[in-house]
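structure-v5.tsv follows; it contains TSV, C-alpha atoms and all ligand atoms.
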chain	number	residue	atom	x	y	z
A	569	MET	CA	-1.47	88.48	8.99
A	570	SER	CA	-0.98	87.82	12.72
A	571	ASP	CA	2.32	88.94	14.22
A	572	LYS	CA	2.72	85.55	15.89
A	573	VAL	CA	5.60	83.39	14.70
A	574	ARG	CA	4.19	80.72	12.41
A	575	THR	CA	5.53	77.50	13.90
A	576	ALA	CA	5.67	73.87	12.76
A	577	VAL	CA	5.99	71.07	15.31
A	578	PHE	CA	7.77	67.96	14.00
A	579	VAL	CA	6.71	64.67	15.63
A	580	SER	CA	7.05	60.92	15.16
A	581	GLY	CA	5.22	59.24	18.05
A	582	GLY	CA	2.91	59.80	20.98
A	583	GLY	CA	3.14	63.55	20.96
A	584	THR	CA	2.96	64.32	24.68
A	585	ASN	CA	5.32	67.25	24.14
A	586	LEU	CA	3.11	68.46	21.32
A	587	GLN	CA	0.18	68.25	23.76
A	588	ALA	CA	2.11	70.38	26.27
A	589	LEU	CA	2.57	73.01	23.55
A	590	ILE	CA	-1.10	72.87	22.60
A	591	ASP	CA	-2.15	73.22	26.25
A	592	ALA	CA	0.18	76.21	26.75
A	593	ARG	CA	-1.40	78.24	23.95
A	594	GLY	CA	-2.67	81.52	25.37
A	595	SER	CA	-0.79	81.12	28.66
A	596	VAL	CA	2.96	80.42	28.38
A	597	ILE	CA	2.83	80.51	24.58
A	598	LYS	CA	1.84	83.94	23.37
A	599	SER	CA	4.23	84.61	20.49
A	600	CYS	CA	3.90	81.36	18.49
A	601	GLU	CA	1.09	80.15	16.36
A	602	LEU	CA	1.10	76.36	16.05
A	603	SER	CA	0.39	76.36	12.32
A	604	LEU	CA	1.44	72.85	11.31
A	605	VAL	CA	2.19	69.45	12.84
A	606	LEU	CA	4.46	67.46	10.52
A	607	SER	CA	4.94	63.77	11.26
A	608	SER	CA	7.54	61.39	9.87
A	609	ASN	CA	5.20	58.53	10.78
A	610	PRO	CA	1.67	58.22	9.38
A	611	GLY	CA	0.55	56.22	12.45
A	612	ALA	CA	1.76	58.73	15.05
A	613	PHE	CA	-0.79	59.44	17.78
A	614	ALA	CA	0.54	63.00	17.72
A	615	LEU	CA	-1.43	63.51	14.47
A	616	LYS	CA	-4.66	62.78	16.35
A	617	ARG	CA	-3.72	65.32	19.01
A	618	ALA	CA	-3.11	67.91	16.29
A	619	GLU	CA	-6.43	67.20	14.58
A	620	ALA	CA	-8.28	67.43	17.91
A	621	ALA	CA	-6.67	70.83	18.46
A	622	GLY	CA	-7.60	72.03	14.98
A	623	ILE	CA	-4.00	72.22	13.73
A	624	ASP	CA	-3.14	71.51	10.11
A	625	THR	CA	-1.13	68.27	9.63
A	626	ALA	CA	1.24	66.77	7.08
A	627	VAL	CA	3.04	63.42	6.84
A	628	VAL	CA	6.44	63.06	5.21
A	629	SER	CA	7.97	59.65	5.71
A	630	ARG	CA	11.66	59.06	5.01
A	631	ARG	CA	10.77	55.57	3.74
A	632	ASP	CA	8.64	57.04	0.95
A	633	CYS	CA	11.57	59.10	-0.32
A	634	SER	CA	14.43	57.80	-2.43
A	635	SER	CA	17.00	60.07	-0.77
A	636	GLN	CA	17.56	62.37	2.19
A	637	ALA	CA	17.48	65.28	-0.25
A	638	GLU	CA	14.02	64.30	-1.48
A	639	PHE	CA	12.80	63.86	2.14
A	640	GLU	CA	13.95	67.36	3.02
A	641	GLU	CA	12.63	68.88	-0.21
A	642	ARG	CA	9.19	67.50	0.61
A	643	ILE	CA	9.40	68.84	4.17
A	644	SER	CA	10.55	72.23	2.89
A	645	ALA	CA	7.60	72.38	0.48
A	646	GLU	CA	5.14	71.75	3.35
A	647	LEU	CA	6.79	74.52	5.37
A	648	ALA	CA	6.95	77.00	2.51
A	649	SER	CA	3.31	76.54	1.54
A	650	ARG	CA	2.30	77.60	5.07
A	651	GLY	CA	4.81	80.40	5.59
A	652	ILE	CA	6.49	78.62	8.52
A	653	GLU	CA	9.13	80.68	10.36
A	654	MET	CA	10.15	78.38	13.24
A	655	ILE	CA	10.36	74.62	13.82
A	656	ILE	CA	9.99	72.73	17.10
A	657	LEU	CA	11.31	69.15	17.16
A	658	ALA	CA	9.13	67.37	19.72
A	659	GLY	CA	10.08	63.71	19.56
A	660	PHE	CA	11.00	63.83	15.86
A	661	MET	CA	12.99	60.67	15.21
A	662	SER	CA	14.23	61.30	11.65
A	663	ILE	CA	17.60	62.86	10.96
A	664	LEU	CA	17.80	66.34	9.42
A	665	SER	CA	20.96	67.03	7.42
A	666	ALA	CA	23.38	69.90	7.92
A	667	ASP	CA	22.10	71.31	4.61
A	668	PHE	CA	18.62	71.54	6.09
A	669	THR	CA	19.59	72.91	9.52
A	670	ALA	CA	21.85	75.53	7.92
A	671	LYS	CA	18.77	77.00	6.24
A	672	TRP	CA	17.13	77.54	9.66
A	673	PRO	CA	19.78	79.15	11.88
A	674	LEU	CA	18.37	79.73	15.41
A	675	ARG	CA	14.98	78.83	13.97
A	676	ILE	CA	14.81	75.15	15.04
A	677	ILE	CA	14.57	74.04	18.68
A	678	ASN	CA	14.64	70.50	20.05
A	679	VAL	CA	13.69	68.89	23.36
A	680	HIS	CA	16.08	66.19	24.57
A	681	PRO	CA	15.44	64.00	27.64
A	682	SER	CA	18.78	64.42	29.45
A	683	LEU	CA	21.06	67.13	30.74
A	684	ILE	CA	23.19	67.80	27.64
A	685	PRO	CA	26.13	67.10	27.24
A	686	SER	CA	25.32	63.81	29.03
A	687	PHE	CA	23.54	61.01	27.18
A	688	CYS	CA	23.05	62.85	23.91
A	689	GLY	CA	24.15	62.78	20.28
A	690	LYS	CA	23.93	59.97	17.76
A	691	GLY	CA	21.92	56.95	18.96
A	692	PHE	CA	20.52	58.67	22.07
A	693	TYR	CA	16.80	59.09	21.65
A	694	GLY	CA	13.61	58.17	23.48
A	695	LEU	CA	13.90	55.40	26.07
A	696	ARG	CA	17.53	54.71	25.13
A	697	VAL	CA	18.53	57.95	26.84
A	698	HIS	CA	16.98	56.86	30.13
A	699	GLU	CA	18.42	53.33	29.81
A	700	ALA	CA	21.88	54.88	29.44
A	701	ALA	CA	21.43	57.19	32.44
A	702	LEU	CA	20.32	54.27	34.63
A	703	ALA	CA	23.13	52.02	33.35
A	704	TYR	CA	25.70	54.71	34.17
A	705	GLY	CA	24.25	55.16	37.64
A	706	VAL	CA	23.86	58.94	37.63
A	707	LYS	CA	21.64	60.26	40.44
A	708	VAL	CA	20.35	63.30	38.56
A	709	THR	CA	19.15	63.58	34.98
A	710	GLY	CA	16.73	66.01	33.34
A	711	ALA	CA	15.80	67.63	30.07
A	712	THR	CA	17.30	70.22	27.75
A	713	VAL	CA	15.78	72.43	25.08
A	714	HIS	CA	18.36	73.70	22.63
A	715	TYR	CA	18.76	75.23	19.20
A	716	VAL	CA	19.47	72.76	16.43
A	717	ASN	CA	22.60	73.03	14.32
A	718	GLU	CA	24.62	70.52	12.28
A	719	ILE	CA	25.92	68.75	15.41
A	720	PRO	CA	23.39	66.26	16.86
A	721	ASP	CA	22.19	67.74	20.19
A	722	GLY	CA	25.07	70.24	19.89
A	723	GLY	CA	23.34	73.60	19.43
A	724	ARG	CA	23.13	76.43	21.96
A	725	ILE	CA	21.16	75.55	25.10
A	726	ILE	CA	18.00	77.55	25.81
A	727	LEU	CA	16.70	75.91	29.02
A	728	GLN	CA	17.58	72.92	31.23
A	729	LYS	CA	15.96	71.36	34.27
A	730	ALA	CA	17.26	68.64	36.57
A	731	VAL	CA	15.19	65.63	37.68
A	732	GLU	CA	16.13	63.19	40.44
A	733	ILE	CA	16.67	59.51	39.75
A	734	LEU	CA	15.14	57.30	42.44
A	735	ASP	CA	15.98	53.79	43.63
A	736	GLY	CA	14.12	51.19	41.61
A	737	ASP	CA	13.53	53.44	38.58
A	738	THR	CA	12.93	51.66	35.28
A	739	PRO	CA	13.55	53.48	32.00
A	740	GLU	CA	9.79	53.88	31.57
A	741	VAL	CA	9.24	55.29	35.08
A	742	LEU	CA	12.16	57.67	34.65
A	743	GLN	CA	10.98	58.77	31.21
A	744	LYS	CA	7.60	59.71	32.63
A	745	ARG	CA	9.14	61.67	35.53
A	746	VAL	CA	11.46	63.57	33.18
A	747	MET	CA	8.53	64.41	30.92
A	748	GLU	CA	6.26	65.54	33.76
A	749	GLN	CA	8.84	67.46	35.79
A	750	ALA	CA	10.93	68.90	32.97
A	751	GLU	CA	10.05	68.44	29.29
A	752	TRP	CA	6.40	69.49	29.35
A	753	ILE	CA	7.30	72.62	31.35
A	754	LEU	CA	10.48	73.60	29.51
A	755	LEU	CA	9.38	73.13	25.92
A	756	PRO	CA	6.58	75.74	25.92
A	757	GLU	CA	8.83	78.18	27.83
A	758	ALA	CA	11.69	77.69	25.37
A	759	ALA	CA	9.35	78.00	22.38
A	760	GLU	CA	8.19	81.34	23.72
A	761	ILE	CA	11.78	82.50	24.24
A	762	ALA	CA	12.82	81.45	20.73
A	763	ALA	CA	9.76	83.06	19.11
A	764	GLY	CA	10.28	86.25	21.10
A	765	ARG	CA	13.85	86.46	19.79
A	766	ILE	CA	12.60	86.07	16.21
A	767	ARG	CA	10.06	88.85	16.67
A	768	ASN	CA	12.78	91.08	18.17
A	769	GLY	CA	14.85	90.53	15.05
A	770	ASP	CA	17.58	88.47	16.76
A	801	LIG	C1	10.51	62.76	24.44
A	801	LIG	O1	10.99	62.25	25.65
A	801	LIG	C2	11.58	63.58	23.76
A	801	LIG	O2	12.38	64.31	24.65
A	801	LIG	C3	12.38	62.49	23.10
A	801	LIG	O3	11.41	61.59	22.60
A	801	LIG	C4	10.25	61.64	23.42
A	801	LIG	C5	9.04	61.92	22.56
A	801	LIG	O4	7.86	61.80	23.32
A	801	LIG	N1	13.24	63.01	22.08
A	801	LIG	C6	14.47	62.56	21.83
A	801	LIG	O5	14.93	61.60	22.40
A	801	LIG	C7	15.23	63.32	20.76
A	801	LIG	N2	16.62	62.98	20.79
A	801	LIG	P1	6.49	62.47	22.85
A	801	LIG	O6	6.24	62.00	21.40
A	801	LIG	O7	5.47	61.93	23.80
A	801	LIG	O8	6.63	63.97	22.93

Take the structure in this file and express it as structure tokens.
Amino acid sequence: MSDKVRTAVFVSGGGTNLQALIDARGSVIKSCELSLVLSSNPGAFALKRAEAAGIDTAVVSRRDCSSQAEFEERISAELASRGIEMIILAGFMSILSADFTAKWPLRIINVHPSLIPSFCGKGFYGLRVHEAALAYGVKVTGATVHYVNEIPDGGRIILQKAVEILDGDTPEVLQKRVMEQAEWILLPEAAEIAAGRIRNGD
């Protein structure tokens, strides 16, 4: 068995952060093997990106499950059958319970499109984060990659990067700048850091 950390990437949508991870294989990412892409949405374009990159995929939709416990049991079964050791949330829009996150201490990382602790927590996801930053009038935003614990967006920060807000920005324009200048760079770097810590027995 390879000594790389067997990693699952959880997605729900377009998967541009997944693509950044795929493209970083062999350069920034040396310690992780992208072994599974798990989507909460059967129509996610991220699944196509995974297939094109030759990565195994699974779909577990919350709507198909009668309870949160069943949703997480199904996810856990997909992870267990592939020997997954680390999870990267890359635009995963379903909630994971404290029961689930407690089973993966310092083994789940998440990318969030703001400088935590601003514009984060319950209800702040995707474009909403950028809408809130523009509505507040901040001049600098950015992205954060952090460990996931039972507090939404509350786990220990791994990496952060600031991005300027410019006059005339729309949420869509800002989202793209934050992705290009921060998320797609930080996420592979943070994945490598987190996997390195696992291999060092941290
Ligand atoms: C990204 O901007 C990611 O940071 C955000 O959703 C987008 C997914 O895009 N995640 C959150 O808001 C989590 N709270 P992608 O599917 O193209 O990677």

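Closest to His680 of chain A among A:Ala648, A:Asp571, A:Asp667, A:Val716 is A:Val716, based on only C-alpha atoms.
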
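Put simply, atom CA of Arg574 of chain A is 17.3 Å away from atom CA of Glu619 of chain A.
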
*6 Å shell around ligand LIG 801 (chain A) using all atoms listed in the file, listed as a ChimeraX atom specification*: /A:581-586,658-659,679-681,692-694

Tell me, as a PDB file with C-alpha atoms, in the frame of the given file, which residues lie within 6 Å of Asn678 of chain A, counting only C-alpha atoms; anything in the same chain fewer than 2 positions away does not count.
ATOM      1  CA  ILE A 656       9.990  72.730  17.100  1.00  0.00           C
ATOM      2  CA  LEU A 657      11.310  69.150  17.160  1.00  0.00           C
ATOM      3  CA  VAL A 713      15.780  72.430  25.080  1.00  0.00           C
ATOM      4  CA  HIS A 714      18.360  73.700  22.630  1.00  0.00           C
TER       5      HIS A 714
END

Please return the centre and edge lengths, in Å to one decimal, of a box with edges along x, y and z that contains all listed atoms of segment 667-683 of chain A, widened by 8 Å on every side, as JSON.
{"center_x": 17.9, "center_y": 71.9, "center_z": 17.7, "size_x": 24.4, "size_y": 31.7, "size_z": 42.1}

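Interatomic distance, atom CA of Glu640 of chain A against atom CA of Ala759 of chain A: 22.6 Å.
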
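Distances from A:Ala612, A:Val627, A:Ile733, A:Ala588 to Ala703 of chain A were compared using only C-alpha atoms, and the smallest one belongs to A:Ile733.
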
Written-out segment 573-672 of chain A (C-alpha atoms) as a short mmCIF file (atom, residue, chain, number, x, y, z; two decimals), in the first residue's frame:
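Generated output (selection30.cif):
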data_model
loop_
_atom_site.label_atom_id
_atom_site.label_comp_id
_atom_site.auth_asym_id
_atom_site.auth_seq_id
_atom_site.Cartn_x
_atom_site.Cartn_y
_atom_site.Cartn_z
CA VAL A 573 -2.72 9.64 2.84
CA ARG A 574 -5.87 8.24 1.25
CA THR A 575 -8.08 11.30 0.86
CA ALA A 576 -11.73 11.87 -0.03
CA VAL A 577 -12.86 15.20 -1.48
CA PHE A 578 -16.47 16.11 -0.66
CA VAL A 579 -18.22 18.31 -3.26
CA SER A 580 -21.68 19.56 -4.20
CA GLY A 581 -21.29 21.82 -7.23
CA GLY A 582 -18.90 23.03 -9.89
CA GLY A 583 -15.79 21.62 -8.31
CA THR A 584 -13.24 24.28 -9.22
CA ASN A 585 -11.48 23.66 -5.91
CA LEU A 586 -11.48 19.95 -6.65
CA GLN A 587 -9.87 20.80 -10.01
CA ALA A 588 -7.17 22.81 -8.21
CA LEU A 589 -6.42 19.73 -6.08
CA ILE A 590 -6.33 17.48 -9.14
CA ASP A 591 -3.99 19.88 -10.95
CA ALA A 592 -1.66 20.07 -7.93
CA ARG A 593 -1.06 16.32 -7.82
CA GLY A 594 2.65 15.65 -8.14
CA SER A 595 3.63 19.28 -7.53
CA VAL A 596 2.19 20.89 -4.38
CA ILE A 597 0.37 17.70 -3.40
CA LYS A 598 2.83 14.93 -2.70
CA SER A 599 1.49 13.31 0.46
CA CYS A 600 -2.19 12.83 -0.46
CA GLU A 601 -3.76 10.40 -2.81
CA LEU A 602 -7.11 11.66 -4.10
CA SER A 603 -8.87 8.32 -3.70
CA LEU A 604 -12.53 9.32 -3.76
CA VAL A 605 -14.76 12.24 -4.76
CA LEU A 606 -18.04 12.09 -2.83
CA SER A 607 -20.86 14.35 -3.95
CA SER A 608 -24.05 15.26 -2.12
CA ASN A 609 -25.56 16.16 -5.50
CA PRO A 610 -25.87 13.66 -8.36
CA GLY A 611 -25.78 16.50 -10.94
CA ALA A 612 -22.59 18.13 -9.66
CA PHE A 613 -20.13 19.01 -12.43
CA ALA A 614 -17.41 18.10 -9.92
CA LEU A 615 -18.25 14.42 -10.59
CA LYS A 616 -17.32 14.90 -14.26
CA ARG A 617 -14.01 16.46 -13.23
CA ALA A 618 -13.31 13.45 -10.99
CA GLU A 619 -14.16 10.96 -13.73
CA ALA A 620 -11.93 12.82 -16.21
CA ALA A 621 -9.09 12.58 -13.69
CA GLY A 622 -9.67 8.87 -13.11
CA ILE A 623 -10.81 9.28 -9.50
CA ASP A 624 -13.41 6.97 -7.99
CA THR A 625 -16.75 8.70 -7.25
CA ALA A 626 -19.75 8.21 -4.98
CA VAL A 627 -23.03 10.09 -4.54
CA VAL A 628 -24.80 10.32 -1.20
CA SER A 629 -27.70 12.73 -1.22
CA ARG A 630 -29.25 13.93 2.03
CA ARG A 631 -32.66 13.91 0.33
CA ASP A 632 -32.44 10.16 -0.26
CA CYS A 633 -31.90 9.53 3.45
CA SER A 634 -34.60 9.51 6.10
CA SER A 635 -32.33 11.04 8.75
CA GLN A 636 -29.00 12.78 9.27
CA ALA A 637 -27.77 9.59 10.94
CA GLU A 638 -28.56 7.53 7.84
CA PHE A 639 -26.88 10.15 5.59
CA GLU A 640 -23.70 9.97 7.65
CA GLU A 641 -23.80 6.17 7.93
CA ARG A 642 -23.90 5.95 4.14
CA ILE A 643 -21.01 8.41 3.83
CA SER A 644 -19.02 6.49 6.44
CA ALA A 645 -19.57 3.24 4.54
CA GLU A 646 -18.18 4.81 1.33
CA LEU A 647 -15.14 6.04 3.25
CA ALA A 648 -14.53 2.79 5.09
CA SER A 649 -14.72 0.66 1.95
CA ARG A 650 -11.85 2.70 0.46
CA GLY A 651 -9.70 3.05 3.57
CA ILE A 652 -10.03 6.86 3.60
CA GLU A 653 -7.86 8.65 6.20
CA MET A 654 -8.54 12.34 5.47
CA ILE A 655 -11.45 14.40 4.12
CA ILE A 656 -11.30 17.68 2.19
CA LEU A 657 -14.54 19.69 2.04
CA ALA A 658 -14.34 21.58 -1.25
CA GLY A 659 -17.67 23.31 -1.70
CA PHE A 660 -19.62 20.62 0.19
CA MET A 661 -22.98 22.19 0.98
CA SER A 662 -24.48 19.54 3.30
CA ILE A 663 -24.15 19.76 7.06
CA LEU A 664 -22.04 17.21 8.92
CA SER A 665 -23.06 16.62 12.54
CA ALA A 666 -20.85 16.90 15.61
CA ASP A 667 -21.10 13.09 15.89
CA PHE A 668 -19.50 12.76 12.48
CA THR A 669 -16.80 15.42 12.88
CA ALA A 670 -15.82 14.01 16.30
CA LYS A 671 -14.86 10.77 14.56
CA TRP A 672 -12.37 12.66 12.35
#
